[in-house]
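Visitor: Below you'll find entry.cif; it's mmCIF, C-alpha atoms.
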data_run
#
loop_
_atom_site.label_atom_id
_atom_site.label_comp_id
_atom_site.auth_asym_id
_atom_site.auth_seq_id
_atom_site.Cartn_x
_atom_site.Cartn_y
_atom_site.Cartn_z
CA MET W 1 -29.27 6.24 -9.34
CA ARG W 2 -28.57 7.03 -5.70
CA LYS W 3 -31.01 4.32 -4.57
CA PHE W 4 -29.45 1.80 -6.96
CA ALA W 5 -25.94 2.72 -5.73
CA GLU W 6 -26.91 2.15 -2.10
CA ARG W 7 -28.52 -1.21 -2.91
CA ARG W 8 -25.53 -2.35 -4.95
CA VAL W 9 -22.99 -1.27 -2.34
CA THR W 10 -24.96 -3.19 0.31
CA GLN W 11 -24.65 -6.30 -1.88
CA LEU W 12 -20.92 -5.71 -2.40
CA GLU W 13 -20.29 -5.40 1.33
CA ARG W 14 -21.28 -9.06 1.70
CA LEU W 15 -18.69 -10.25 -0.84
CA ASP W 16 -15.57 -9.55 1.24
CA LEU W 17 -13.89 -7.72 -1.64
CA SER W 18 -10.17 -6.92 -1.75
CA GLY W 19 -10.32 -4.14 -4.32
CA TYR W 20 -12.52 -2.44 -6.90
CA ILE W 21 -11.86 -0.90 -10.34
CA LEU W 22 -14.13 1.88 -11.58
CA LYS W 23 -14.71 3.35 -15.05
CA ARG W 24 -12.93 6.60 -15.77
CA ASP W 25 -15.04 9.71 -16.52
CA SER W 26 -18.30 7.85 -15.87
CA PRO W 27 -21.08 9.95 -14.25
CA SER W 28 -21.85 6.92 -12.10
CA CYS W 29 -18.44 5.32 -11.60
CA GLY W 30 -15.81 8.02 -12.16
CA LEU W 31 -13.59 8.50 -9.13
CA HIS W 32 -11.60 11.59 -10.12
CA ARG W 33 -12.32 14.73 -12.15
CA VAL W 34 -15.81 13.73 -13.35
CA ARG W 35 -17.46 16.41 -15.48
CA LEU W 36 -20.20 18.38 -13.69
CA HIS W 37 -22.81 20.35 -15.67
CA HIS W 38 -24.05 23.47 -13.90
CA GLY W 39 -27.31 25.33 -14.32
CA ASN W 40 -25.65 28.22 -16.16
CA GLY W 41 -24.31 25.90 -18.86
CA ALA W 42 -20.78 25.82 -17.49
CA THR W 43 -18.94 22.56 -16.77
CA THR W 44 -16.24 21.77 -14.25
CA ARG W 45 -13.97 18.77 -13.69
CA ASN W 46 -14.21 18.34 -9.95
CA GLY W 47 -16.99 15.77 -9.57
CA ARG W 48 -17.27 12.14 -8.54
CA GLY W 49 -19.67 9.51 -9.86
CA LEU W 50 -22.71 8.72 -7.73
CA PHE W 51 -21.93 5.01 -7.41
CA ALA W 52 -18.23 5.72 -6.77
CA GLU W 53 -19.20 8.15 -4.04
CA ALA W 54 -21.48 5.62 -2.35
CA LEU W 55 -18.87 2.86 -2.60
CA GLN W 56 -16.12 4.98 -1.09
CA ARG W 57 -18.40 6.23 1.69
CA ARG W 58 -19.50 2.72 2.76
CA MET W 59 -16.10 1.01 2.29
CA PRO W 60 -13.54 3.76 2.87
CA ASN W 61 -10.59 1.39 3.36
CA LEU W 62 -11.24 -0.70 0.25
CA PRO W 63 -8.55 -0.13 -2.44
CA ILE W 64 -10.43 1.61 -5.26
CA GLU W 65 -8.94 2.87 -8.52
CA GLU W 66 -10.02 3.99 -12.00
CA GLU W 67 -9.17 1.72 -14.92
CA GLY W 68 -7.56 4.54 -16.91
CA ARG W 69 -5.13 5.42 -14.12
CA LEU W 70 -3.87 1.83 -13.97
CA HIS W 71 -1.90 2.45 -17.17
CA ASP W 72 0.50 4.46 -15.00
CA PRO W 73 3.11 1.96 -13.65
CA ARG W 74 3.42 3.67 -10.26
CA LEU W 75 -0.35 3.93 -9.74
CA ARG W 76 -0.80 0.32 -10.85
CA ASP W 77 1.90 -0.91 -8.45
CA ASN W 78 0.37 1.14 -5.64
CA TRP W 79 -3.15 -0.17 -6.17
CA ILE W 80 -2.10 -3.84 -6.34
CA GLU W 81 0.09 -3.34 -3.28
CA ARG W 82 -2.94 -1.95 -1.43
CA VAL W 83 -5.15 -4.85 -2.60
CA PHE W 84 -2.78 -7.42 -1.08
CA ALA W 85 -2.23 -5.35 2.07
CA TYR W 86 -5.98 -5.03 2.56
CA ARG W 87 -6.47 -8.78 2.15
CA ARG W 88 -3.67 -9.50 4.65
CA VAL W 89 -5.06 -7.22 7.33
CA ARG W 90 -8.62 -8.44 6.81
CA SER W 91 -7.38 -12.03 7.11
CA LEU W 92 -5.70 -11.08 10.38
CA TRP W 93 -8.98 -9.78 11.83
CA ALA W 94 -10.76 -12.96 10.72
CA SER W 95 -8.21 -15.22 12.41
CA GLY W 96 -9.22 -14.77 16.05
CA TRP W 97 -6.16 -12.59 16.49
CA LYS W 98 -4.44 -11.60 19.70
CA GLN W 99 -2.28 -8.57 20.51
CA ALA W 100 0.86 -10.59 19.74
CA ASP W 101 -0.50 -11.40 16.28
CA LEU W 102 -0.99 -7.72 15.51
CA VAL W 103 2.52 -6.95 16.76
CA ALA W 104 3.94 -9.64 14.44
CA PHE W 105 1.84 -8.38 11.52
CA HIS W 106 2.94 -4.79 12.08
CA THR W 107 6.59 -5.80 12.40
CA ASN W 108 6.43 -7.34 8.92
CA VAL W 109 4.81 -4.30 7.25
CA LYS W 110 6.80 -1.58 9.02
CA LEU W 111 9.21 -0.86 6.18
CA MET W 112 6.43 -0.90 3.58
CA ILE W 113 4.60 1.76 5.61
CA LEU W 114 7.80 3.79 6.01
CA ALA W 115 8.24 3.92 2.22
CA HIS W 116 4.77 5.44 1.86
CA SER W 117 4.44 7.73 4.87
CA PRO W 118 7.02 8.25 7.64
CA PRO W 119 4.42 10.09 9.81
CA ALA W 120 2.02 7.13 9.53
CA TYR W 121 4.91 4.80 10.39
CA THR W 122 5.29 6.65 13.68
CA ARG W 123 1.56 6.84 14.40
CA LEU W 124 0.94 3.16 13.71
CA GLY W 125 3.89 2.16 15.89
CA ARG W 126 2.43 4.14 18.78
CA LEU W 127 -1.03 2.69 18.16
CA VAL W 128 0.25 -0.89 18.29
CA ALA W 129 2.31 -0.12 21.40
CA ALA W 130 -0.83 1.20 23.12
CA GLY W 131 -2.98 -1.67 21.88
CA LYS W 132 -3.64 -3.23 25.27
CA THR W 133 -5.34 -0.03 26.43
CA LEU W 134 -7.92 -0.19 23.61
CA SER W 135 -10.81 -2.51 22.86
CA ARG W 136 -10.25 -5.03 20.07
CA ASP W 137 -12.82 -3.32 17.85
CA GLU W 138 -11.30 0.12 18.30
CA LEU W 139 -7.75 -1.13 17.81
CA SER W 140 -8.53 -3.12 14.65
CA SER W 141 -10.62 -0.30 13.17
CA ARG W 142 -8.03 2.38 13.83
CA TYR W 143 -5.15 0.23 12.65
CA GLU W 144 -6.82 -0.76 9.38
CA THR W 145 -7.92 2.79 8.62
CA GLU W 146 -4.48 4.26 9.33
CA LEU W 147 -2.68 1.53 7.40
CA MET W 148 -4.78 1.82 4.26
CA ALA W 149 -4.67 5.63 4.35
CA ALA W 150 -0.88 5.51 4.57
CA LEU W 151 -0.61 3.19 1.57
CA THR W 152 -2.66 5.52 -0.64
CA LYS W 153 0.32 7.91 -0.56
CA LEU W 154 2.63 6.96 -3.41
CA ALA W 155 6.03 5.66 -2.35
CA THR W 156 8.60 7.95 -3.99
CA PRO W 157 12.03 6.84 -5.26
CA GLY W 158 13.56 8.91 -2.48
CA ARG W 159 11.58 7.24 0.31
CA ASN W 160 12.07 3.81 -1.22
CA ALA W 161 15.81 4.45 -1.41
CA ASN W 162 15.87 5.51 2.23
CA VAL W 163 14.19 2.24 3.21
CA LEU W 164 16.64 0.30 1.05
CA GLN W 165 19.56 2.02 2.77
CA HIS W 166 18.03 1.19 6.15
CA MET W 167 17.85 -2.46 5.12
CA ALA W 168 21.42 -2.38 3.82
CA GLY W 169 22.51 -1.29 7.29
CA PHE W 170 21.73 -4.79 8.55
CA PHE W 171 24.60 -6.12 6.41
CA LYS W 172 27.28 -3.50 7.01
CA LYS W 173 29.36 -5.73 9.30
CA GLU W 174 28.90 -8.92 7.28
CA LEU W 175 29.52 -7.73 3.72
CA ASP W 176 32.98 -7.18 2.30
CA PRO W 177 33.79 -3.66 1.02
CA ASP W 178 33.16 -4.53 -2.63
CA SER W 179 29.75 -6.05 -1.86
CA ARG W 180 28.76 -3.04 0.27
CA LYS W 181 29.75 -0.70 -2.55
CA GLU W 182 27.83 -2.77 -5.09
CA LEU W 183 24.67 -2.53 -3.00
CA CYS W 184 25.07 1.19 -2.23
CA ASP W 185 25.70 1.96 -5.91
CA LEU W 186 22.62 0.00 -6.95
CA ILE W 187 20.44 1.87 -4.44
CA ASP W 188 21.85 5.17 -5.69
CA ASP W 189 21.20 4.16 -9.31
CA TYR W 190 17.58 3.45 -8.38
CA ARG W 191 17.25 6.80 -6.59
CA ARG W 192 18.49 8.56 -9.73
CA GLY W 193 16.14 6.64 -12.02
CA LEU W 194 18.85 4.57 -13.71
CA THR W 195 17.53 1.16 -12.63
CA PRO W 196 14.11 -0.19 -11.57
CA LEU W 197 13.21 -0.92 -7.96
CA VAL W 198 13.39 -4.68 -8.53
CA ALA W 199 17.20 -4.52 -8.91
CA PRO W 200 18.16 -3.36 -5.38
CA LEU W 201 15.26 -5.35 -3.88
CA THR W 202 16.58 -8.54 -5.45
CA LEU W 203 20.09 -7.97 -4.15
CA ILE W 204 18.87 -7.15 -0.64
CA ALA W 205 16.66 -10.25 -0.63
CA HIS W 206 19.67 -12.30 -1.72
CA HIS W 207 21.83 -11.00 1.13
CA ALA W 208 18.96 -11.42 3.65
CA ARG W 209 18.65 -15.10 2.68
CA ARG W 210 22.39 -15.76 2.49
CA LEU W 211 23.15 -14.08 5.82
CA ASP W 212 19.89 -15.31 7.38
CA VAL W 213 18.39 -12.04 8.63
CA PRO W 214 14.85 -13.08 9.68
CA TYR W 215 13.59 -9.52 10.22
CA LEU W 216 14.39 -8.54 6.63
CA ARG W 217 13.29 -11.84 5.11
CA ALA W 218 9.83 -11.33 6.63
CA GLN W 219 9.41 -7.76 5.40
CA THR W 220 6.42 -7.30 3.09
CA PHE W 221 8.35 -4.44 1.45
CA LEU W 222 10.44 -7.06 -0.38
CA THR W 223 7.42 -8.87 -1.88
CA PRO W 224 4.20 -6.87 -1.42
CA HIS W 225 2.59 -8.75 -4.31
CA PRO W 226 3.43 -11.87 -6.37
CA ARG W 227 6.72 -11.64 -8.27
CA GLU W 228 4.98 -13.06 -11.35
CA LEU W 229 3.21 -9.73 -11.80
CA MET W 230 6.64 -8.09 -12.37
CA LEU W 231 5.23 -4.71 -11.31
CA ARG W 232 8.48 -3.54 -9.74
CA ASN W 233 10.33 -4.02 -13.01
CA HIS W 234 8.66 -0.78 -14.12
CA VAL W 235 8.94 1.56 -11.09
#
Translate this file's structure into structure tokens.
Guide:
Amino acid sequence: MRKFAERRVTQLERLDLSGYILKRDSPSCGLHRVRLHHGNGATTRNGRGLFAEALQRRMPNLPIEEEGRLHDPRLRDNWIERVFAYRRVRSLWASGWKQADLVAFHTNVKLMILAHSPPAYTRLGRLVAAGKTLSRDELSSRYETELMAALTKLATPGRNANVLQHMAGFFKKELDPDSRKELCDLIDDYRRGLTPLVAPLTLIAHHARRLDVPYLRAQTFLTPHPRELMLRNHV
């Protein structure tokens, strides 16, 4: 099984994958809490499937998830968000990128990172700022690893609401008092679980277009994956 897993992972590395779904509880493919049988007859739930282990070891930044966990709306949204983020950053590396391209890329994903991990937001900002002191290979490797690790941390309603309030600050001088209150109330309703994330996101996107705020309009946080998936109607 170990030999097969290594052969199969080598084949998969050539396919330029964007994500991978594994089978829950499988002794080969289970990613979390796989049952281990011990010599004394006891069993524990702290194992990982042999193929899953090989896949994660060889492609540590690849978005991987178990099919059973994707029934959870927040985990599903997180995995699809990571799939599209991984494809974007891999496309950047394949484009013959320059330092300015990475700066532009990072500018557009900053608020998405902040919603997942404020410490990673700070670290990635420093890494990009120091980019000219690093080789291209080191910079791209470190950036991709840090970015994908940050996105594995679930964005909480509290952190999302903080990012939404930060975005709302761009409109504070342009919006009339009633419109400001409407937006603040909608963000607060989301924070308290009374409305889904799509509601304040839609209103912020509307104001960003109407008032022409390029920085906000370019933020991946507003549309991390296709709207047709309607994932943010459920988180």
Visitor: With a distance cut-off of 12 Å and only C-alpha atoms, select the neighbouring residues of Thr223 of chain W, excluding the residue or stretch itself and same-chain residues fewer than 5 positions from it, and output the selection as a list in words.
Guide: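 With the cut-off at 12 Å, the set is Asp77, Ile80, Glu81, Phe84, Ala85, Asn108, Val109, Leu111, Met112, Leu197, Val198, Leu201, Thr202, Ile204, Ala205, Leu216, Arg217, Ala218, Glu228, Leu229, Met230, Leu231 and Arg232 of chain W.
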Visitor: Specify as a list in words each residue included when the PyMOL selection byres ((chain W and resi 51) around 9) is applied to this file.
Guide: Met1, Arg2, Phe4, Ala5, Glu6, Arg8, Val9, Pro27, Ser28, Cys29, Gly30, Arg48, Gly49, Leu50, Ala52, Glu53, Ala54, Leu55 and Gln56 of chain W
Visitor: What does the PyMOL selection byres ((chain W and resi 132-137) around 12) select in this file, as an MDAnalysis selection string?
Guide: chainID W and resid 93 96:100 102:103 126:131 138:144
Visitor: Counting only C-alpha atoms, figure out which residue out of W:Ala208, W:Ile64, W:Val235, W:Leu154 gets nearest to Arg24 of chain W.
Guide: W:Ile64
Visitor: So which one's closest to Arg87 of chain W, W:Val213, W:Met148, W:Arg180, W:Pro200? Using all atoms listed in the file, please.
Guide: W:Met148
Visitor: Tell me, in Å to one decimal, how far atom CA of Lys172 of chain W is from atom CA of Asp188 of chain W.
Guide: 16.3 Å
Visitor: Can you measure atom CA of Met167 of chain W to atom CA of Tyr190 of chain W for me? One decimal in Å is fine.
Guide: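 Between atom CA of Met167 of chain W and atom CA of Tyr190 of chain W the gap works out to 14.7 Å.
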Visitor: Could you please determine the separation between atom CA of Arg191 of chain W and atom CA of Phe105 of chain W in Å, to one decimal place?
Guide: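 So the answer is 28.2 Å.
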Visitor: Hey, which of W:Arg57, W:Leu92, W:Gly68, W:Ala199 ends up closest to Glu182 of chain W? Count only C-alpha atoms.
Guide: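 Comparing W:Arg57, W:Leu92, W:Gly68, W:Ala199 against Glu182 of chain W, the winner is W:Ala199.
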